[in-house]
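Listing of input-v7.txt, compact mmCIF, N, CA, C and O atoms
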# COMPACT_ATOMS: atom_id res chain seq x y z
N MET J 342 1.55 -2.06 -19.16
CA MET J 342 0.20 -2.16 -18.64
C MET J 342 -0.06 -0.95 -17.73
O MET J 342 0.83 -0.49 -17.03
N LYS J 343 -1.26 -0.48 -17.77
CA LYS J 343 -1.66 0.61 -16.89
C LYS J 343 -2.81 0.13 -16.01
O LYS J 343 -3.62 -0.69 -16.43
N ALA J 344 -2.86 0.64 -14.81
CA ALA J 344 -3.94 0.31 -13.89
C ALA J 344 -5.22 0.97 -14.36
O ALA J 344 -5.21 2.11 -14.81
N GLU J 345 -6.30 0.23 -14.28
CA GLU J 345 -7.61 0.77 -14.63
C GLU J 345 -8.56 0.53 -13.46
O GLU J 345 -9.15 -0.53 -13.35
N PHE J 346 -8.65 1.53 -12.60
CA PHE J 346 -9.53 1.45 -11.45
C PHE J 346 -10.78 2.27 -11.71
O PHE J 346 -10.71 3.34 -12.33
N THR J 347 -11.92 1.79 -11.23
CA THR J 347 -13.16 2.54 -11.34
C THR J 347 -13.12 3.70 -10.35
O THR J 347 -12.28 3.73 -9.43
N GLU J 348 -14.03 4.63 -10.51
CA GLU J 348 -14.10 5.76 -9.58
C GLU J 348 -14.41 5.27 -8.17
O GLU J 348 -13.87 5.81 -7.20
N THR J 349 -15.23 4.25 -8.03
CA THR J 349 -15.55 3.69 -6.72
C THR J 349 -14.30 3.09 -6.08
O THR J 349 -14.06 3.27 -4.88
N GLU J 350 -13.51 2.38 -6.88
CA GLU J 350 -12.27 1.80 -6.36
C GLU J 350 -11.28 2.88 -5.97
O GLU J 350 -10.61 2.77 -4.94
N LYS J 351 -11.21 3.96 -6.75
CA LYS J 351 -10.33 5.08 -6.40
C LYS J 351 -10.76 5.72 -5.09
O LYS J 351 -9.93 6.11 -4.27
N GLU J 352 -12.07 5.83 -4.89
CA GLU J 352 -12.58 6.38 -3.62
C GLU J 352 -12.19 5.47 -2.46
O GLU J 352 -11.84 5.96 -1.39
N THR J 353 -12.26 4.17 -2.67
CA THR J 353 -11.89 3.21 -1.64
C THR J 353 -10.43 3.37 -1.25
O THR J 353 -10.06 3.23 -0.08
N LEU J 354 -9.57 3.69 -2.21
CA LEU J 354 -8.13 3.80 -1.96
C LEU J 354 -7.73 5.11 -1.29
O LEU J 354 -6.64 5.21 -0.74
N LYS J 355 -8.61 6.11 -1.32
CA LYS J 355 -8.28 7.39 -0.69
C LYS J 355 -8.01 7.18 0.79
O LYS J 355 -8.73 6.49 1.48
N GLY J 356 -6.92 7.76 1.26
CA GLY J 356 -6.55 7.64 2.66
C GLY J 356 -5.71 6.41 2.95
O GLY J 356 -5.23 6.23 4.06
N LYS J 357 -5.55 5.55 1.95
CA LYS J 357 -4.78 4.33 2.15
C LYS J 357 -3.50 4.31 1.32
O LYS J 357 -2.67 3.43 1.46
N VAL J 358 -3.35 5.30 0.46
CA VAL J 358 -2.22 5.37 -0.45
C VAL J 358 -0.90 5.55 0.30
O VAL J 358 0.10 4.91 -0.03
N ARG J 359 -0.91 6.38 1.33
CA ARG J 359 0.33 6.62 2.09
C ARG J 359 0.84 5.34 2.76
O ARG J 359 2.05 5.09 2.78
N ALA J 360 -0.06 4.55 3.29
CA ALA J 360 0.35 3.30 3.94
C ALA J 360 0.95 2.34 2.93
O ALA J 360 1.96 1.67 3.21
N ILE J 361 0.36 2.26 1.75
CA ILE J 361 0.89 1.39 0.70
C ILE J 361 2.25 1.90 0.24
O ILE J 361 3.19 1.12 0.03
N ALA J 362 2.38 3.21 0.12
CA ALA J 362 3.66 3.81 -0.28
C ALA J 362 4.74 3.50 0.76
O ALA J 362 5.85 3.11 0.41
N ARG J 363 4.39 3.63 2.02
CA ARG J 363 5.34 3.36 3.10
C ARG J 363 5.75 1.88 3.09
O ARG J 363 6.92 1.54 3.26
N LYS J 364 4.78 1.00 2.85
CA LYS J 364 5.05 -0.44 2.81
C LYS J 364 6.09 -0.78 1.75
O LYS J 364 6.93 -1.66 1.96
N HIS J 365 6.04 -0.11 0.61
CA HIS J 365 6.92 -0.43 -0.51
C HIS J 365 8.12 0.53 -0.63
O HIS J 365 8.93 0.37 -1.54
N GLY J 366 8.20 1.49 0.26
CA GLY J 366 9.35 2.40 0.26
C GLY J 366 9.36 3.37 -0.92
O GLY J 366 10.43 3.70 -1.43
N VAL J 367 8.18 3.82 -1.33
CA VAL J 367 8.07 4.78 -2.44
C VAL J 367 7.25 5.97 -1.97
O VAL J 367 6.68 5.96 -0.88
N SER J 368 7.16 6.99 -2.81
CA SER J 368 6.38 8.17 -2.45
C SER J 368 4.89 7.92 -2.70
O SER J 368 4.52 7.10 -3.55
N HIS J 369 4.07 8.65 -1.96
CA HIS J 369 2.63 8.52 -2.17
C HIS J 369 2.25 9.06 -3.56
O HIS J 369 1.28 8.62 -4.15
N THR J 370 3.05 9.97 -4.07
CA THR J 370 2.81 10.51 -5.41
C THR J 370 2.92 9.40 -6.46
O THR J 370 2.10 9.32 -7.37
N TYR J 371 3.93 8.56 -6.31
CA TYR J 371 4.12 7.46 -7.26
C TYR J 371 2.94 6.49 -7.20
O TYR J 371 2.43 6.04 -8.23
N VAL J 372 2.48 6.17 -6.00
CA VAL J 372 1.33 5.27 -5.85
C VAL J 372 0.10 5.92 -6.48
O VAL J 372 -0.67 5.25 -7.19
N ASN J 373 -0.09 7.22 -6.27
CA ASN J 373 -1.22 7.92 -6.88
C ASN J 373 -1.12 7.90 -8.41
O ASN J 373 -2.14 7.80 -9.09
N GLN J 374 0.08 7.98 -8.94
CA GLN J 374 0.26 7.92 -10.39
C GLN J 374 -0.12 6.54 -10.92
O GLN J 374 -0.69 6.42 -12.01
N ILE J 375 0.16 5.50 -10.18
CA ILE J 375 -0.25 4.15 -10.58
C ILE J 375 -1.77 4.05 -10.55
O ILE J 375 -2.39 3.53 -11.48
N VAL J 376 -2.38 4.57 -9.48
CA VAL J 376 -3.84 4.53 -9.34
C VAL J 376 -4.52 5.26 -10.49
O VAL J 376 -5.49 4.77 -11.07
N SER J 377 -3.99 6.41 -10.86
CA SER J 377 -4.62 7.23 -11.90
C SER J 377 -4.29 6.75 -13.31
O SER J 377 -4.87 7.22 -14.28
N GLY J 378 -3.33 5.84 -13.43
CA GLY J 378 -2.95 5.34 -14.74
C GLY J 378 -1.87 6.15 -15.42
O GLY J 378 -1.53 5.91 -16.57
N GLU J 379 -1.29 7.10 -14.70
CA GLU J 379 -0.22 7.94 -15.26
C GLU J 379 1.10 7.17 -15.34
O GLU J 379 1.90 7.43 -16.22
N ALA J 380 1.32 6.26 -14.39
CA ALA J 380 2.55 5.47 -14.37
C ALA J 380 2.24 4.06 -14.86
O ALA J 380 1.24 3.46 -14.45
N LYS J 381 3.09 3.55 -15.72
CA LYS J 381 2.90 2.20 -16.24
C LYS J 381 3.37 1.18 -15.21
O LYS J 381 4.26 1.44 -14.41
N ILE J 382 2.76 0.01 -15.27
CA ILE J 382 3.15 -1.09 -14.39
C ILE J 382 4.09 -1.98 -15.19
O ILE J 382 3.65 -2.85 -15.94
N GLU J 383 5.39 -1.69 -15.05
CA GLU J 383 6.39 -2.41 -15.84
C GLU J 383 7.42 -3.13 -14.98
O GLU J 383 7.93 -4.16 -15.39
N SER J 384 7.71 -2.60 -13.82
CA SER J 384 8.76 -3.19 -12.98
C SER J 384 8.14 -4.12 -11.93
O SER J 384 6.93 -4.12 -11.71
N GLN J 385 9.01 -4.87 -11.28
CA GLN J 385 8.56 -5.75 -10.19
C GLN J 385 7.94 -4.92 -9.07
O GLN J 385 6.93 -5.31 -8.49
N LEU J 386 8.55 -3.78 -8.77
CA LEU J 386 8.05 -2.92 -7.71
C LEU J 386 6.66 -2.39 -8.03
O LEU J 386 5.75 -2.46 -7.20
N SER J 387 6.48 -1.90 -9.24
CA SER J 387 5.16 -1.36 -9.59
C SER J 387 4.11 -2.46 -9.60
O SER J 387 2.95 -2.22 -9.25
N LEU J 388 4.49 -3.68 -9.96
CA LEU J 388 3.56 -4.81 -9.94
C LEU J 388 3.18 -5.15 -8.50
O LEU J 388 2.00 -5.42 -8.22
N LYS J 389 4.15 -5.09 -7.59
CA LYS J 389 3.85 -5.35 -6.18
C LYS J 389 2.92 -4.27 -5.61
O LYS J 389 2.02 -4.57 -4.83
N ILE J 390 3.15 -3.02 -6.00
CA ILE J 390 2.29 -1.93 -5.55
C ILE J 390 0.87 -2.14 -6.08
O ILE J 390 -0.11 -2.01 -5.36
N TYR J 391 0.77 -2.49 -7.35
CA TYR J 391 -0.54 -2.76 -7.97
C TYR J 391 -1.25 -3.89 -7.22
O TYR J 391 -2.45 -3.80 -6.93
N ASP J 392 -0.54 -4.95 -6.90
CA ASP J 392 -1.13 -6.07 -6.16
C ASP J 392 -1.62 -5.61 -4.79
O ASP J 392 -2.71 -6.00 -4.34
N SER J 393 -0.84 -4.76 -4.12
CA SER J 393 -1.27 -4.23 -2.81
C SER J 393 -2.53 -3.37 -2.95
O SER J 393 -3.42 -3.42 -2.10
N LEU J 394 -2.59 -2.60 -4.02
CA LEU J 394 -3.78 -1.78 -4.26
C LEU J 394 -5.01 -2.68 -4.46
O LEU J 394 -6.07 -2.41 -3.90
N GLN J 395 -4.84 -3.74 -5.24
CA GLN J 395 -5.95 -4.67 -5.48
C GLN J 395 -6.38 -5.35 -4.18
O GLN J 395 -7.58 -5.50 -3.91
N GLU J 396 -5.42 -5.77 -3.37
CA GLU J 396 -5.73 -6.41 -2.09
C GLU J 396 -6.49 -5.45 -1.17
O GLU J 396 -7.42 -5.86 -0.48
N THR J 397 -6.08 -4.20 -1.18
CA THR J 397 -6.75 -3.19 -0.35
C THR J 397 -8.19 -2.99 -0.81
O THR J 397 -9.11 -2.92 0.02
N ILE J 398 -8.39 -2.93 -2.10
CA ILE J 398 -9.75 -2.79 -2.64
C ILE J 398 -10.60 -3.99 -2.25
O ILE J 398 -11.74 -3.85 -1.79
N ASP J 399 -10.04 -5.18 -2.40
CA ASP J 399 -10.78 -6.40 -2.04
C ASP J 399 -11.14 -6.41 -0.56
O ASP J 399 -12.25 -6.81 -0.20
N PHE J 400 -10.22 -5.97 0.28
CA PHE J 400 -10.45 -5.97 1.72
C PHE J 400 -11.56 -5.00 2.13
O PHE J 400 -12.39 -5.30 2.98
N PHE J 401 -11.56 -3.81 1.53
CA PHE J 401 -12.49 -2.76 1.95
C PHE J 401 -13.79 -2.74 1.15
O PHE J 401 -14.66 -1.90 1.42
N THR J 402 -13.94 -3.61 0.18
CA THR J 402 -15.17 -3.66 -0.60
C THR J 402 -16.09 -4.70 0.05
O THR J 402 -15.71 -5.87 0.20
N PRO J 403 -17.31 -4.28 0.43
CA PRO J 403 -18.23 -5.23 1.05
C PRO J 403 -18.59 -6.36 0.09
O PRO J 403 -18.80 -6.14 -1.11
N LYS J 404 -18.65 -7.56 0.63
CA LYS J 404 -19.04 -8.71 -0.17
C LYS J 404 -20.55 -8.88 -0.08
O LYS J 404 -21.15 -8.69 0.98
N GLN J 405 -21.15 -9.23 -1.20
CA GLN J 405 -22.59 -9.44 -1.21
C GLN J 405 -22.89 -10.84 -0.68
O GLN J 405 -22.23 -11.81 -1.05
N THR J 406 -23.88 -10.91 0.18
CA THR J 406 -24.30 -12.22 0.71
C THR J 406 -25.54 -12.67 -0.02
O THR J 406 -26.35 -11.86 -0.46
N LEU J 407 -25.65 -13.96 -0.13
CA LEU J 407 -26.82 -14.50 -0.85
C LEU J 407 -27.94 -14.80 0.10
O LEU J 407 -27.86 -15.09 1.19
Do you think you could lay out the structure here as structure tokens?
Amino acid sequence: MKAEFTETEKETLKGKVRAIARKHGVSHTYVNQIVSGEAKIESQLSLKIYDSLQETIDFFTPKQTL
């Protein structure tokens, strides 16, 4: 599986990749490769990184109120 983030989601993640990399003990380059779809999400670690990326997007994306 590869990550498929929209350009807006990628913009949201800018500046937050290093913190996610530090949290999981990997390089920011690896996290960027997951974001861009260059690295496949196959291992437990890459799945945890992907989940962190999704959580970050959810946190920083404004929710619409009715």
Original post:
Between atom C of Ala344 (chain J) and atom N of Gln405 (chain J), what is the distance, to one decimal in Å?
Top reply: 23.0 Å
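Between CA of Phe346 (chain J) and CA of Gln395 (chain J) the interatomic distance comes to 9.3 Å.
By only C-alpha atoms, and with residues fewer than 2 positions from Arg359 (chain J) along its chain excluded, the set lying at most 9 Å from it is Gly356, Lys357, Ile361, Ala362, Arg363, Lys364, Ser368, His369, Thr370 and Val372 of chain J.
Nearest residue to Ser387 (chain J), choosing from J:Ala360, J:Glu345, J:Glu352, J:Ile375 and counting all atoms listed in the file: J:Ile375.
If you measure from each of J:Lys355, J:Ile382, J:Val376, J:Leu388 to Lys343 (chain J) using only C-alpha atoms, the closest one turns out to be J:Ile382.
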